[in-house]
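See below for target-v4.pdb, which holds PDB, C-alpha atoms.
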ATOM      1  CA  MET A   1     -17.844   8.949 -13.736
ATOM      2  CA  ASN A   2     -16.893  12.578 -14.446
ATOM      3  CA  ASN A   3     -14.648  14.082 -11.819
ATOM      4  CA  SER A   4     -14.356  17.798 -11.239
ATOM      5  CA  LYS A   5     -11.076  19.625 -11.676
ATOM      6  CA  GLY A   6     -10.558  19.628  -7.913
ATOM      7  CA  ASP A   7     -11.210  15.873  -7.717
ATOM      8  CA  ARG A   8      -8.735  15.170 -10.500
ATOM      9  CA  MET A   9      -6.125  17.306  -8.788
ATOM     10  CA  LEU A  10      -6.719  15.466  -5.498
ATOM     11  CA  LEU A  11      -6.411  12.082  -7.241
ATOM     12  CA  LEU A  12      -3.183  13.194  -8.890
ATOM     13  CA  ILE A  13      -1.735  14.277  -5.548
ATOM     14  CA  ASN A  14      -2.791  10.965  -3.991
ATOM     15  CA  HIS A  15      -1.153   8.996  -6.794
ATOM     16  CA  VAL A  16       2.063  10.986  -6.483
ATOM     17  CA  LEU A  17       2.160  10.528  -2.709
ATOM     18  CA  LEU A  18       1.452   6.793  -2.997
ATOM     19  CA  GLY A  19       4.177   6.494  -5.625
ATOM     20  CA  VAL A  20       6.658   8.229  -3.324
ATOM     21  CA  ILE A  21       5.666   5.964  -0.413
ATOM     22  CA  VAL A  22       6.074   2.853  -2.588
ATOM     23  CA  LEU A  23       9.535   4.013  -3.669
ATOM     24  CA  VAL A  24      10.517   4.726  -0.056
ATOM     25  CA  VAL A  25       9.427   1.213   0.942
ATOM     26  CA  LEU A  26      10.890  -0.603  -2.061
ATOM     27  CA  ALA A  27      14.244   1.201  -2.226
ATOM     28  CA  PRO A  28      15.812  -0.381   0.900
ATOM     29  CA  LEU A  29      14.346  -3.794   0.038
ATOM     30  CA  LEU A  30      15.826  -3.726  -3.454
ATOM     31  CA  TYR A  31      19.124  -2.402  -2.107
ATOM     32  CA  VAL A  32      19.445  -5.284   0.374
ATOM     33  CA  LEU A  33      18.459  -7.840  -2.278
ATOM     34  CA  LEU A  34      20.995  -6.557  -4.797
ATOM     35  CA  ALA A  35      23.686  -6.075  -2.148
ATOM     36  CA  SER A  36      23.373  -9.734  -1.135
ATOM     37  CA  PHE A  37      24.646 -10.724  -4.594
ATOM     38  CA  LEU A  38      27.426  -8.126  -4.873
ATOM     39  CA  GLN A  39      31.048  -8.295  -3.849
ATOM     40  CA  PRO A  40      31.315  -6.206  -0.637
ATOM     41  CA  ASN A  41      34.351  -4.287  -1.877
ATOM     42  CA  VAL A  42      32.415  -3.284  -5.006
ATOM     43  CA  LEU A  43      29.439  -2.245  -2.906
ATOM     44  CA  ILE A  44      31.621  -0.072  -0.675
ATOM     45  CA  SER A  45      33.685   1.513  -3.437
ATOM     46  CA  LYS A  46      31.179   1.860  -6.303
ATOM     47  CA  GLY A  47      27.780   1.190  -4.785
ATOM     48  CA  LEU A  48      25.262  -0.948  -6.646
ATOM     49  CA  SER A  49      26.663  -2.463  -9.817
ATOM     50  CA  PHE A  50      24.924  -4.391 -12.577
ATOM     51  CA  ASN A  51      28.162  -5.715 -13.996
ATOM     52  CA  ALA A  52      27.993  -9.530 -13.990
ATOM     53  CA  THR A  53      31.632  -9.791 -12.897
ATOM     54  CA  ASP A  54      30.820  -7.988  -9.639
ATOM     55  CA  TRP A  55      28.118 -10.457  -8.643
ATOM     56  CA  THR A  56      28.630 -13.512  -6.475
ATOM     57  CA  LEU A  57      26.683 -16.208  -4.603
ATOM     58  CA  GLU A  58      29.392 -16.644  -1.992
ATOM     59  CA  GLY A  59      27.283 -15.206   0.819
ATOM     60  CA  TYR A  60      24.454 -17.688   0.232
ATOM     61  CA  LYS A  61      26.898 -20.573  -0.175
ATOM     62  CA  ARG A  62      28.484 -19.824   3.183
ATOM     63  CA  ILE A  63      25.094 -19.546   4.875
ATOM     64  CA  PHE A  64      23.884 -22.892   3.547
ATOM     65  CA  SER A  65      27.223 -24.543   4.299
ATOM     66  CA  ASP A  66      26.817 -23.672   7.979
ATOM     67  CA  GLY A  67      23.894 -25.042   9.991
ATOM     68  CA  THR A  68      23.435 -22.076  12.322
ATOM     69  CA  ILE A  69      21.177 -19.932  10.168
ATOM     70  CA  LEU A  70      19.307 -22.891   8.684
ATOM     71  CA  ARG A  71      18.684 -24.271  12.159
ATOM     72  CA  GLY A  72      17.482 -20.845  13.281
ATOM     73  CA  PHE A  73      15.240 -20.666  10.210
ATOM     74  CA  PHE A  74      13.511 -23.963  11.002
ATOM     75  CA  ASN A  75      13.279 -23.054  14.694
ATOM     76  CA  SER A  76      11.534 -19.786  13.777
ATOM     77  CA  LEU A  77       9.239 -21.631  11.400
ATOM     78  CA  LEU A  78       8.294 -24.074  14.159
ATOM     79  CA  TYR A  79       7.756 -21.335  16.750
ATOM     80  CA  ALA A  80       5.766 -19.076  14.406
ATOM     81  CA  THR A  81       3.568 -21.899  13.081
ATOM     82  CA  THR A  82       2.785 -23.282  16.541
ATOM     83  CA  PHE A  83       2.172 -19.806  17.925
ATOM     84  CA  THR A  84      -0.157 -18.972  15.034
ATOM     85  CA  ILE A  85      -2.218 -22.140  15.480
ATOM     86  CA  VAL A  86      -2.586 -21.633  19.237
ATOM     87  CA  THR A  87      -3.294 -17.898  19.034
ATOM     88  CA  VAL A  88      -5.842 -18.095  16.213
ATOM     89  CA  THR A  89      -7.643 -21.034  17.849
ATOM     90  CA  VAL A  90      -7.921 -19.268  21.203
ATOM     91  CA  SER A  91      -8.903 -15.939  19.620
ATOM     92  CA  VAL A  92     -11.606 -17.459  17.425
ATOM     93  CA  LEU A  93     -13.124 -19.537  20.225
ATOM     94  CA  ALA A  94     -13.053 -16.641  22.706
ATOM     95  CA  GLY A  95     -14.297 -14.141  20.143
ATOM     96  CA  TYR A  96     -17.223 -16.342  19.136
ATOM     97  CA  SER A  97     -18.206 -16.941  22.766
ATOM     98  CA  LEU A  98     -18.078 -13.224  23.582
ATOM     99  CA  SER A  99     -20.133 -12.377  20.486
ATOM    100  CA  ASN A 100     -23.141 -14.244  21.879
ATOM    101  CA  ASP A 101     -25.499 -11.941  23.746
ATOM    102  CA  ASP A 102     -26.752 -14.748  25.994
ATOM    103  CA  LEU A 103     -23.287 -15.491  27.444
ATOM    104  CA  VAL A 104     -23.498 -15.123  31.212
ATOM    105  CA  GLY A 105     -20.879 -12.708  32.585
ATOM    106  CA  LYS A 106     -19.835 -11.423  29.164
ATOM    107  CA  LYS A 107     -19.134  -7.905  30.429
ATOM    108  CA  ALA A 108     -17.058  -9.208  33.328
ATOM    109  CA  PHE A 109     -14.958 -11.294  30.938
ATOM    110  CA  MET A 110     -14.386  -8.315  28.654
ATOM    111  CA  ILE A 111     -13.360  -6.082  31.548
ATOM    112  CA  PHE A 112     -10.941  -8.752  32.733
ATOM    113  CA  PHE A 113      -9.447  -9.063  29.236
ATOM    114  CA  LEU A 114      -9.172  -5.304  28.769
ATOM    115  CA  ILE A 115      -7.339  -4.858  32.073
ATOM    116  CA  THR A 116      -4.616  -7.207  30.846
ATOM    117  CA  MET A 117      -4.040  -4.931  27.845
ATOM    118  CA  PHE A 118      -2.812  -2.136  30.125
ATOM    119  CA  PHE A 119      -1.339  -3.945  33.130
ATOM    120  CA  ASN A 120       0.965  -6.925  33.472
ATOM    121  CA  GLY A 121       3.224  -8.453  36.081
ATOM    122  CA  GLY A 122       6.466  -7.272  34.499
ATOM    123  CA  LEU A 123       9.473  -9.088  33.126
ATOM    124  CA  ILE A 124      10.911 -10.539  36.330
ATOM    125  CA  PRO A 125       7.650 -12.069  37.682
ATOM    126  CA  THR A 126       6.920 -13.455  34.214
ATOM    127  CA  TYR A 127      10.373 -15.019  34.055
ATOM    128  CA  LEU A 128       9.891 -16.592  37.495
ATOM    129  CA  VAL A 129       6.557 -18.061  36.419
ATOM    130  CA  ILE A 130       8.077 -19.497  33.227
ATOM    131  CA  ARG A 131      10.967 -20.934  35.254
ATOM    132  CA  ASP A 132       8.743 -22.484  37.937
ATOM    133  CA  LEU A 133       6.548 -24.066  35.255
ATOM    134  CA  GLY A 134       9.658 -25.746  33.815
ATOM    135  CA  MET A 135       9.317 -24.085  30.406
ATOM    136  CA  LEU A 136      12.792 -22.538  30.157
ATOM    137  CA  ASN A 137      14.667 -23.736  27.066
ATOM    138  CA  THR A 138      11.482 -25.160  25.533
ATOM    139  CA  ILE A 139       9.230 -24.112  22.682
ATOM    140  CA  TRP A 140       6.448 -23.335  25.166
ATOM    141  CA  ALA A 141       8.421 -20.476  26.690
ATOM    142  CA  ILE A 142       8.166 -18.792  23.283
ATOM    143  CA  VAL A 143       4.618 -19.804  22.354
ATOM    144  CA  LEU A 144       2.462 -19.726  25.489
ATOM    145  CA  PRO A 145       3.217 -16.392  27.289
ATOM    146  CA  ASN A 146       1.839 -14.266  24.419
ATOM    147  CA  ALA A 147      -0.560 -16.799  22.923
ATOM    148  CA  ILE A 148      -3.672 -14.950  24.132
ATOM    149  CA  SER A 149      -4.028 -11.593  22.397
ATOM    150  CA  VAL A 150      -6.889  -9.432  23.638
ATOM    151  CA  TRP A 151      -6.719  -7.360  20.461
ATOM    152  CA  PHE A 152      -7.199 -10.487  18.345
ATOM    153  CA  ILE A 153     -10.131 -11.553  20.512
ATOM    154  CA  ILE A 154     -11.778  -8.149  20.053
ATOM    155  CA  LEU A 155     -11.307  -8.322  16.266
ATOM    156  CA  ALA A 156     -12.757 -11.843  16.151
ATOM    157  CA  ARG A 157     -15.701 -10.908  18.379
ATOM    158  CA  THR A 158     -16.494  -7.875  16.236
ATOM    159  CA  TYR A 159     -16.412  -9.980  13.074
ATOM    160  CA  PHE A 160     -18.692 -12.656  14.542
ATOM    161  CA  ARG A 161     -21.183 -10.037  15.723
ATOM    162  CA  ALA A 162     -21.530  -8.887  12.097
ATOM    163  CA  ILE A 163     -22.739 -12.349  10.998
ATOM    164  CA  PRO A 164     -26.585 -12.368  10.833
ATOM    165  CA  LYS A 165     -28.187 -14.045  13.836
ATOM    166  CA  GLU A 166     -30.811 -15.546  11.544
ATOM    167  CA  LEU A 167     -28.252 -18.050  10.271
ATOM    168  CA  LYS A 168     -27.750 -19.466  13.747
ATOM    169  CA  GLU A 169     -31.462 -19.409  14.506
ATOM    170  CA  ALA A 170     -32.232 -21.332  11.319
ATOM    171  CA  ALA A 171     -29.589 -23.908  12.192
ATOM    172  CA  ARG A 172     -31.031 -24.345  15.684
ATOM    173  CA  ILE A 173     -34.465 -24.945  14.204
ATOM    174  CA  ASP A 174     -32.921 -27.670  12.046
ATOM    175  CA  GLY A 175     -31.554 -29.293  15.206
ATOM    176  CA  ALA A 176     -27.905 -28.186  15.008
ATOM    177  CA  SER A 177     -25.964 -27.986  18.258
ATOM    178  CA  GLU A 178     -23.983 -24.907  19.268
ATOM    179  CA  PHE A 179     -20.751 -26.642  18.334
ATOM    180  CA  GLY A 180     -22.249 -27.752  15.019
ATOM    181  CA  ILE A 181     -23.325 -24.183  14.246
ATOM    182  CA  PHE A 182     -19.835 -22.904  14.974
ATOM    183  CA  LEU A 183     -18.102 -25.643  12.998
ATOM    184  CA  LYS A 184     -20.352 -25.866   9.932
ATOM    185  CA  ILE A 185     -21.737 -22.339   9.581
ATOM    186  CA  ILE A 186     -19.621 -19.774  11.423
ATOM    187  CA  LEU A 187     -16.132 -21.037  10.547
ATOM    188  CA  PRO A 188     -16.725 -21.274   6.766
ATOM    189  CA  LEU A 189     -17.922 -17.657   6.859
ATOM    190  CA  SER A 190     -14.943 -16.536   8.926
ATOM    191  CA  LYS A 191     -12.058 -17.155   6.535
ATOM    192  CA  PRO A 192     -11.205 -13.426   6.164
ATOM    193  CA  ILE A 193     -10.745 -12.798   9.891
ATOM    194  CA  ILE A 194      -8.995 -16.146  10.441
ATOM    195  CA  PHE A 195      -6.452 -15.425   7.706
ATOM    196  CA  VAL A 196      -5.889 -11.886   8.959
ATOM    197  CA  LEU A 197      -5.278 -13.092  12.517
ATOM    198  CA  ALA A 198      -3.001 -15.851  11.224
ATOM    199  CA  LEU A 199      -0.980 -13.356   9.191
ATOM    200  CA  TYR A 200      -0.627 -10.941  12.113
ATOM    201  CA  ALA A 201       0.331 -13.733  14.518
ATOM    202  CA  PHE A 202       2.840 -15.356  12.180
ATOM    203  CA  ILE A 203       4.578 -12.083  11.282
ATOM    204  CA  GLY A 204       4.713 -10.973  14.908
ATOM    205  CA  GLN A 205       6.263 -14.226  16.092
ATOM    206  CA  TRP A 206       8.581 -14.544  13.086
ATOM    207  CA  ASN A 207      10.096 -11.125  13.819
ATOM    208  CA  ALA A 208      10.263 -11.625  17.593
ATOM    209  CA  TYR A 209      13.531 -12.279  19.382
ATOM    210  CA  PHE A 210      13.200 -10.762  22.873
ATOM    211  CA  ASP A 211      11.417 -13.722  24.510
ATOM    212  CA  ALA A 212      13.943 -16.123  22.997
ATOM    213  CA  MET A 213      16.782 -13.962  24.303
ATOM    214  CA  ILE A 214      15.295 -14.110  27.816
ATOM    215  CA  TYR A 215      14.049 -17.698  28.049
ATOM    216  CA  LEU A 216      16.452 -19.669  25.837
ATOM    217  CA  ASP A 217      20.062 -20.458  26.716
ATOM    218  CA  ASP A 218      20.637 -23.316  24.308
ATOM    219  CA  ARG A 219      21.899 -21.950  20.974
ATOM    220  CA  GLU A 220      20.398 -24.984  19.245
ATOM    221  CA  LEU A 221      16.956 -23.547  20.061
ATOM    222  CA  PHE A 222      17.644 -19.973  18.949
ATOM    223  CA  PRO A 223      15.175 -18.600  16.365
ATOM    224  CA  LEU A 224      16.432 -16.983  13.198
ATOM    225  CA  GLN A 225      15.964 -13.429  14.462
ATOM    226  CA  LEU A 226      18.203 -14.089  17.442
ATOM    227  CA  VAL A 227      20.849 -15.548  15.143
ATOM    228  CA  LEU A 228      20.565 -12.483  12.901
ATOM    229  CA  ARG A 229      20.869 -10.236  15.931
ATOM    230  CA  SER A 230      24.228 -11.816  16.690
ATOM    231  CA  ILE A 231      25.348 -11.302  13.106
ATOM    232  CA  LEU A 232      23.958  -7.812  12.488
ATOM    233  CA  ILE A 233      24.280  -6.101  15.873
ATOM    234  CA  GLN A 234      26.980  -7.979  17.720
ATOM    235  CA  ASN A 235      28.904  -8.647  14.494
ATOM    236  CA  GLU A 236      29.340 -12.326  15.319
ATOM    237  CA  VAL A 237      29.854 -14.558  12.292
ATOM    238  CA  GLN A 238      29.888 -18.276  12.959
ATOM    239  CA  PRO A 239      33.274 -20.058  12.652
ATOM    240  CA  GLY A 240      31.851 -22.435  10.063
ATOM    241  CA  MET A 241      31.284 -19.531   7.683
ATOM    242  CA  ILE A 242      34.803 -18.100   7.823
ATOM    243  CA  SER A 243      37.971 -20.138   8.103
ATOM    244  CA  ASP A 244      40.648 -19.198  10.610
ATOM    245  CA  GLN A 245      43.186 -18.570   7.853
ATOM    246  CA  LEU A 246      41.371 -15.559   6.446
ATOM    247  CA  ALA A 247      42.860 -12.163   7.167
ATOM    248  CA  MET A 248      40.897  -9.550   9.107
ATOM    249  CA  ALA A 249      39.975  -7.642   5.940
ATOM    250  CA  GLU A 250      38.660 -10.825   4.337
ATOM    251  CA  LEU A 251      36.724 -11.637   7.494
ATOM    252  CA  GLN A 252      35.061  -8.230   7.376
ATOM    253  CA  ARG A 253      34.265  -8.690   3.691
ATOM    254  CA  ILE A 254      32.580 -12.041   4.238
ATOM    255  CA  SER A 255      30.785 -10.719   7.308
ATOM    256  CA  GLU A 256      29.173  -7.920   5.303
ATOM    257  CA  MET A 257      28.167 -10.339   2.568
ATOM    258  CA  ILE A 258      26.562 -12.752   5.028
ATOM    259  CA  LYS A 259      24.586  -9.935   6.668
ATOM    260  CA  TYR A 260      22.724  -9.021   3.484
ATOM    261  CA  SER A 261      22.159 -12.646   2.491
ATOM    262  CA  SER A 262      20.783 -13.425   5.954
ATOM    263  CA  ILE A 263      18.294 -10.557   5.780
ATOM    264  CA  VAL A 264      16.999 -11.809   2.416
ATOM    265  CA  ILE A 265      16.550 -15.356   3.727
ATOM    266  CA  ALA A 266      14.742 -14.081   6.841
ATOM    267  CA  SER A 267      12.298 -12.067   4.705
ATOM    268  CA  LEU A 268      11.387 -14.836   2.248
ATOM    269  CA  PRO A 269       8.572 -16.554   4.243
ATOM    270  CA  LEU A 270       6.702 -13.285   4.725
ATOM    271  CA  LEU A 271       7.057 -12.323   1.067
ATOM    272  CA  ILE A 272       5.805 -15.754   0.022
ATOM    273  CA  MET A 273       2.861 -15.759   2.440
ATOM    274  CA  TYR A 274       1.361 -12.360   1.725
ATOM    275  CA  PRO A 275       0.123 -12.972  -1.861
ATOM    276  CA  PHE A 276      -1.908 -15.974  -0.665
ATOM    277  CA  PHE A 277      -3.427 -14.040   2.245
ATOM    278  CA  GLN A 278      -3.955 -10.763   0.427
ATOM    279  CA  LYS A 279      -7.452 -11.484  -0.915
ATOM    280  CA  TYR A 280      -8.708 -12.007   2.647
ATOM    281  CA  PHE A 281      -6.627  -9.267   4.228
ATOM    282  CA  GLU A 282      -8.593  -6.143   3.289
ATOM    283  CA  LYS A 283     -12.017  -7.636   3.986
ATOM    284  CA  GLY A 284     -11.009  -9.053   7.343
ATOM    285  CA  VAL A 285      -9.324  -5.873   8.544
ATOM    286  CA  MET A 286     -12.094  -3.561   7.388
ATOM    287  CA  VAL A 287     -14.901  -5.598   8.949
ATOM    288  CA  GLY A 288     -13.032  -5.905  12.213
ATOM    289  CA  SER A 289     -12.209  -2.193  12.359
ATOM    290  CA  LEU A 290     -15.325  -0.462  11.034
ATOM    291  CA  LYS A 291     -17.691  -2.308  13.300
TER     292      LYS A 291
END
Do you think you could lay out the structure here as structure tokens?
Amino acid sequence: MNNSKGDRMLLLINHVLLGVIVLVVLAPLLYVLLASFLQPNVLISKGLSFNATDWTLEGYKRIFSDGTILRGFFNSLLYATTFTIVTVTVSVLAGYSLSNDDLVGKKAFMIFFLITMFFNGGLIPTYLVIRDLGMLNTIWAIVLPNAISVWFIILARTYFRAIPKELKEAARIDGASEFGIFLKIILPLSKPIIFVLALYAFIGQWNAYFDAMIYLDDRELFPLQLVLRSILIQNEVQPGMISDQLAMAELQRISEMIKYSSIVIASLPLLIMYPFFQKYFEKGVMVGSLK
């Protein structure tokens, strides 16, 4: 394909802009990764160093020697996985039901769902409901309040509406039930939107800490992000990571080292997940948005 001079210039500008954006995104990620292996005093005095003598694994050793961050990691993994399963299941079932034209009261359901996108009871009434249901200091206080996402339901409904109706009609002629059609025909064709919703839900819950801060009092139940908040914002390093005999300067040095190492550990699940979901990501998002 022969591009005109103007097209080539536009492509060049696009490539330059994309390159700049990639550098802007990658620079802080690489800085945090490299800083997690560097001696803090070297990082402060000289910046990033590629001298092997300036590198250390002490930050990671101290993290894995203390159970606080590891416990928070597994708590976050449990919360995010459970939340993803519940949210995707509800969104897919609701989206498929709303995609059927013969559903009685479909418009009323959609209006009801849309209202909840703009209005809610507020933090205090929500807390009172969670408390009266006996869900404080349980996994369900983290999973259930935000498990139903109207935006996810709309994306799922839009995707299902794009599937040809002839497939369902042919299955009905062959004697398939509505549940059989959904299970054997619709779901196998819905992998892109399911993976996209799962990725969105998992990332959102993995990075969340506000609900845990409100509904959880037991530190044993804290997710990783709430543990990191204590380390990064409140500058609280667990006693198991730093012995009482260390001087204040040494405490500050270890604290800085643990901060960078903690950020790297918190980012690993998302970096590992995305390559497996990427092939479904673009198709699922585009179908759900264009329609």
Give me, as JSON lines, the closest atom pair and its distance (Å, one decimal) for every residue of segment 122-163 of chain A within a cut-off of 12 Å of segment 101-106 of chain A, counting all atoms listed in the file, rows sorted by chain and rising number.
{"residue": "A:Arg157", "atom": "CA", "partner": "A:Asp101", "partner_atom": "CA", "distance": 11.2}
{"residue": "A:Phe160", "atom": "CA", "partner": "A:Asp101", "partner_atom": "CA", "distance": 11.5}
{"residue": "A:Arg161", "atom": "CA", "partner": "A:Asp101", "partner_atom": "CA", "distance": 9.3}
**Message:** For this structure, which residues satisfy the selection - the PyMOL selection byres ((chain A and resi 55-71) around 8) - when it is evaluated on the file as given? I want them as a count of residues only.
**Reply:** 26
Using all atoms listed in the file, I'd like a table of the residues in segment 114-163 of chain A that come within 10 Å of segment 185-192 of chain A; for each, show the closest atom pair and its distance in Å rounded to one decimal, ordered by chain and ascending number, as a Markdown table.
| residue | atom | partner | partner_atom | distance |
| --- | --- | --- | --- | --- |
| A:Ala156 | CA | A:Ser190 | CA | 8.9 |
| A:Tyr159 | CA | A:Ser190 | CA | 7.9 |
| A:Phe160 | CA | A:Ser190 | CA | 7.8 |
| A:Ile163 | CA | A:Ile186 | CA | 8.1 |
Can you write out the residues you just picked, keeping C-alpha atoms, as a PDB file, in the frame of the given file?
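File written: again_10.pdb
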ATOM      1  CA  ALA A 156     -12.757 -11.843  16.151  1.00  0.00           C
ATOM      2  CA  TYR A 159     -16.412  -9.980  13.074  1.00  0.00           C
ATOM      3  CA  PHE A 160     -18.692 -12.656  14.542  1.00  0.00           C
ATOM      4  CA  ILE A 163     -22.739 -12.349  10.998  1.00  0.00           C
TER       5      ILE A 163
END
**Request:** Identify, on the basis of only C-alpha atoms, every residue whose closest approach to segment 137-148 of chain A does not exceed 8 Å; exclude the query and any residue fewer than 4 positions from it along the same chain; express the result as an MDAnalysis selection string.
**Result:** chainID A and resid 79 82:83 86:87 90:91 130 211:212 215:218 221
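Atom CA of Leu155 of chain A is positioned 16.5 Å from atom CA of Phe112 of chain A.
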**Request:** Would you work out the distance separating atom CA of Lys184 of chain A from atom CA of Lys168 of chain A, expressed in Å to one decimal?
**Result:**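 Going from atom CA of Lys184 of chain A over to atom CA of Lys168 of chain A covers 10.5 Å.
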**Request:** For each of A:Ile214, A:Glu178, A:Ala208, A:Ala80, take the minimum atom-to-atom distance to Leu123 of chain A, counting only C-alpha atoms, then give the residue where this is smallest.
**Result:**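 Among A:Ile214, A:Glu178, A:Ala208, A:Ala80, it is A:Ile214 that comes nearest to Leu123 of chain A.
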**Complete:** note - atom CA of Pro28 of chain A and atom CA of Leu48 of chain A are separated by 12.1 Å
**Within-10 Å shell of (-15.9, -14.5, 26.9) in input frame, all atoms listed in the file, as a list of chain:residue names** = A:Leu93, A:Ala94, A:Gly95, A:Tyr96, A:Ser97, A:Leu98, A:Ser99, A:Asn100, A:Leu103, A:Val104, A:Gly105, A:Lys106, A:Lys107, A:Ala108, A:Phe109, A:Met110, A:Ile111, A:Phe112, A:Phe113, A:Ile153, A:Arg157
**Message:** Calculated over all atoms listed in the file, which of the candidates A:Phe119, A:Phe222, A:Phe195, A:Tyr274 has the smallest distance to Phe210 of chain A?
**Reply:** A:Phe222
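Closest approach to Ser76 of chain A from the set A:Gln205, A:Leu268, A:Ala35, A:Met273 is made by A:Gln205, with distances taken over only C-alpha atoms.
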**Given only C-alpha atoms as the counted atoms, nearest of A:Thr81, A:Lys259, A:Pro269, A:Phe202 to Arg229 of chain A** =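 Among the listed residues, A:Lys259 lies closest to Arg229 of chain A.
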